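Chemist: Sending over a structure as structure tokens; questions will come in a sec.
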Amino acid sequence: MKPLVVLLLSFIVSVFILKILKKEYEFTLSGRISMSIMLVFTAIGHFVFTKGMSIMIPKFIPFKEALVYFTGMFEILLAVGLLIPKFKNIFGWMLIIFLVLMLPANIYASINNVNYQKGTYDGNGLTYLWFRIPAQLFFIGWTYICTIRF
């Protein structure tokens with residue numbers, strides 16, 4: 001829920017700031033800016049909630065904490081890449097692939113009631129997916145529209 005709020009609020013702010021600065025609306029640029037802000041916001045979670053995020057990863061995958069740190073750094077790289085006009089398409093596709101690849105971890109965490117902020121197994125469970133899957137699809141669509149389509 002928090003990433004969606006960050007995305008939407010930063011989009012509204014960036015639309016108005018760009019309107020003031022450029023004297024016109026720049027919706028796709030505002031979309032990329034807000035997605036970048038959201039990615040940095042979620043990347044911070046990888047460093048603050050490392051233990052909880054590592055238990056979101058299935059047991060058979062090794063080096064869980066390193067993977068959490070890596071994906072946090074990767075999100076920051078994606079955030080920067082979305083803001084470089086020459087590379088926005090490639091980073092847009094990379095982000096879409098990343099979002100698709102992260103969905104199984106969210107499903108696994110939901111099935112196992114992971115509370116990633118506490119690092120415990122008392123999370124919301126399967127009800128979490130009723131929000132998470134549509135939100136993930138929304139983020140994918142947002143990325144496609146703001147980086148690849150236009």
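Residues are referred to by chain and number: the chain letter is A, B, ... according to the order shown in the structure tokens, the number counts from 1 in that chain, and ligands are numbered separately from 1 in the order shown.
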Taking a cut-off of 10 Å and counting only C-alpha atoms, can you build a table that, for each residue of segment 87-130 of chain A near segment 25-43 of chain A, reports the nearest atom pair and how far apart they are in Å (one decimal), sorted by chain then residue number, as JSON lines?
Modeler:
```
{"residue": "A:Lys88", "atom": "CA", "partner": "A:Arg32", "partner_atom": "CA", "distance": 8.6}
{"residue": "A:Gly92", "atom": "CA", "partner": "A:Arg32", "partner_atom": "CA", "distance": 9.2}
{"residue": "A:Leu95", "atom": "CA", "partner": "A:Leu39", "partner_atom": "CA", "distance": 9.8}
```
Chemist: Atoms to include: C-alpha atoms. Write the selected residues as a short mmCIF file (atom, residue, chain, number, x, y, z; two decimals), in the first residue's frame.
Modeler:
```cif
data_model
loop_
_atom_site.label_atom_id
_atom_site.label_comp_id
_atom_site.auth_asym_id
_atom_site.auth_seq_id
_atom_site.Cartn_x
_atom_site.Cartn_y
_atom_site.Cartn_z
CA LYS A 88 14.30 4.82 -20.47
CA GLY A 92 11.49 0.20 -18.48
CA LEU A 95 11.74 -2.99 -14.50
#
```
Chemist: With distances taken over only C-alpha atoms, which of A:Pro3, A:Gly52, A:Gly45, A:Pro62 is nearest to Gly123 of chain A?
Modeler: A:Gly52
Chemist: May I have the residues within 12 Å of Met53 of chain A as a PyMOL selection string, using only C-alpha atoms and disregarding those fewer than 4 positions away in the same chain?
Modeler: chain A and resi 42-49+57-58+64-72+102+105-106+108-109+114-121
Chemist: Hey, what does DSSP flag as alpha helix (DSSP H) within chain A? Can you give it to me as number ranges by chain?
Modeler: A: 2-22, 27-48, 50-54, 64-82, 88-111, 127-143
Chemist: Tell me which of A:Val5, A:Ile20, A:Ile148, A:Leu126 sits closest to Phe87 of chain A, counting only C-alpha atoms.
Modeler: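 For Phe87 of chain A, the nearest of the given residues is A:Ile148.
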Chemist: Any idea what the distance is between atom CA of Tyr144 of chain A and atom CA of Ile97 of chain A?
Modeler: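 Computed distance, atom CA of Tyr144 of chain A to atom CA of Ile97 of chain A, equals 11.0 Å.
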Chemist: Using atom CA of Phe16 of chain A and atom CA of Met1 of chain A as the two end points, give the distance in Å to one decimal.
Modeler: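 These atoms are spaced 23.3 Å apart.
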Chemist: Under the rule that only C-alpha atoms are counted, which of A:Ile55, A:Val15, A:Leu9, A:Cys146 is the nearest residue to Leu82 of chain A?
Modeler: A:Cys146
Chemist: Contacts of Gln136 of chain A at 9 Å or less, counting only C-alpha atoms, minus same-chain residues fewer than 5 places along, as a PyMOL selection string?
Modeler: chain A and resi 99-100+103+131+141
Chemist: Could you take the residues named above and write them with N, CA and C atoms, as a PDB file, in the first residue's frame?
Modeler:
```
ATOM      1  N   LEU A  99       9.611  -6.722 -11.971  1.00  0.00           N
ATOM      2  CA  LEU A  99       8.326  -6.787 -11.265  1.00  0.00           C
ATOM      3  C   LEU A  99       7.656  -8.149 -11.440  1.00  0.00           C
ATOM      4  N   VAL A 100       7.764  -8.720 -12.634  1.00  0.00           N
ATOM      5  CA  VAL A 100       7.202 -10.058 -12.868  1.00  0.00           C
ATOM      6  C   VAL A 100       7.955 -11.095 -12.033  1.00  0.00           C
ATOM      7  N   LEU A 103       6.999 -11.212  -8.208  1.00  0.00           N
ATOM      8  CA  LEU A 103       5.679 -11.689  -7.817  1.00  0.00           C
ATOM      9  C   LEU A 103       5.706 -13.048  -7.109  1.00  0.00           C
ATOM     10  N   PHE A 131      -4.551  -7.410  -2.737  1.00  0.00           N
ATOM     11  CA  PHE A 131      -4.052  -6.075  -3.057  1.00  0.00           C
ATOM     12  C   PHE A 131      -2.771  -6.146  -3.878  1.00  0.00           C
ATOM     13  N   GLY A 141       1.859  -1.850 -15.741  1.00  0.00           N
ATOM     14  CA  GLY A 141       1.192  -0.997 -16.725  1.00  0.00           C
ATOM     15  C   GLY A 141       1.712   0.424 -16.689  1.00  0.00           C
TER      16      GLY A 141
END
```
Chemist: Please compute the atom CA of Phe138 of chain A-atom CA of Asp122 of chain A distance, one decimal, in Å.
Modeler: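 Calculated distance between atom CA of Phe138 of chain A and atom CA of Asp122 of chain A is 26.6 Å.
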Chemist: May I ask which of the residues A:Phe139, A:Phe150, A:Ile107, A:Ile145 is the closest one to Leu7 of chain A, counting only C-alpha atoms?
Modeler: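 The closest residue to Leu7 of chain A is A:Phe139.
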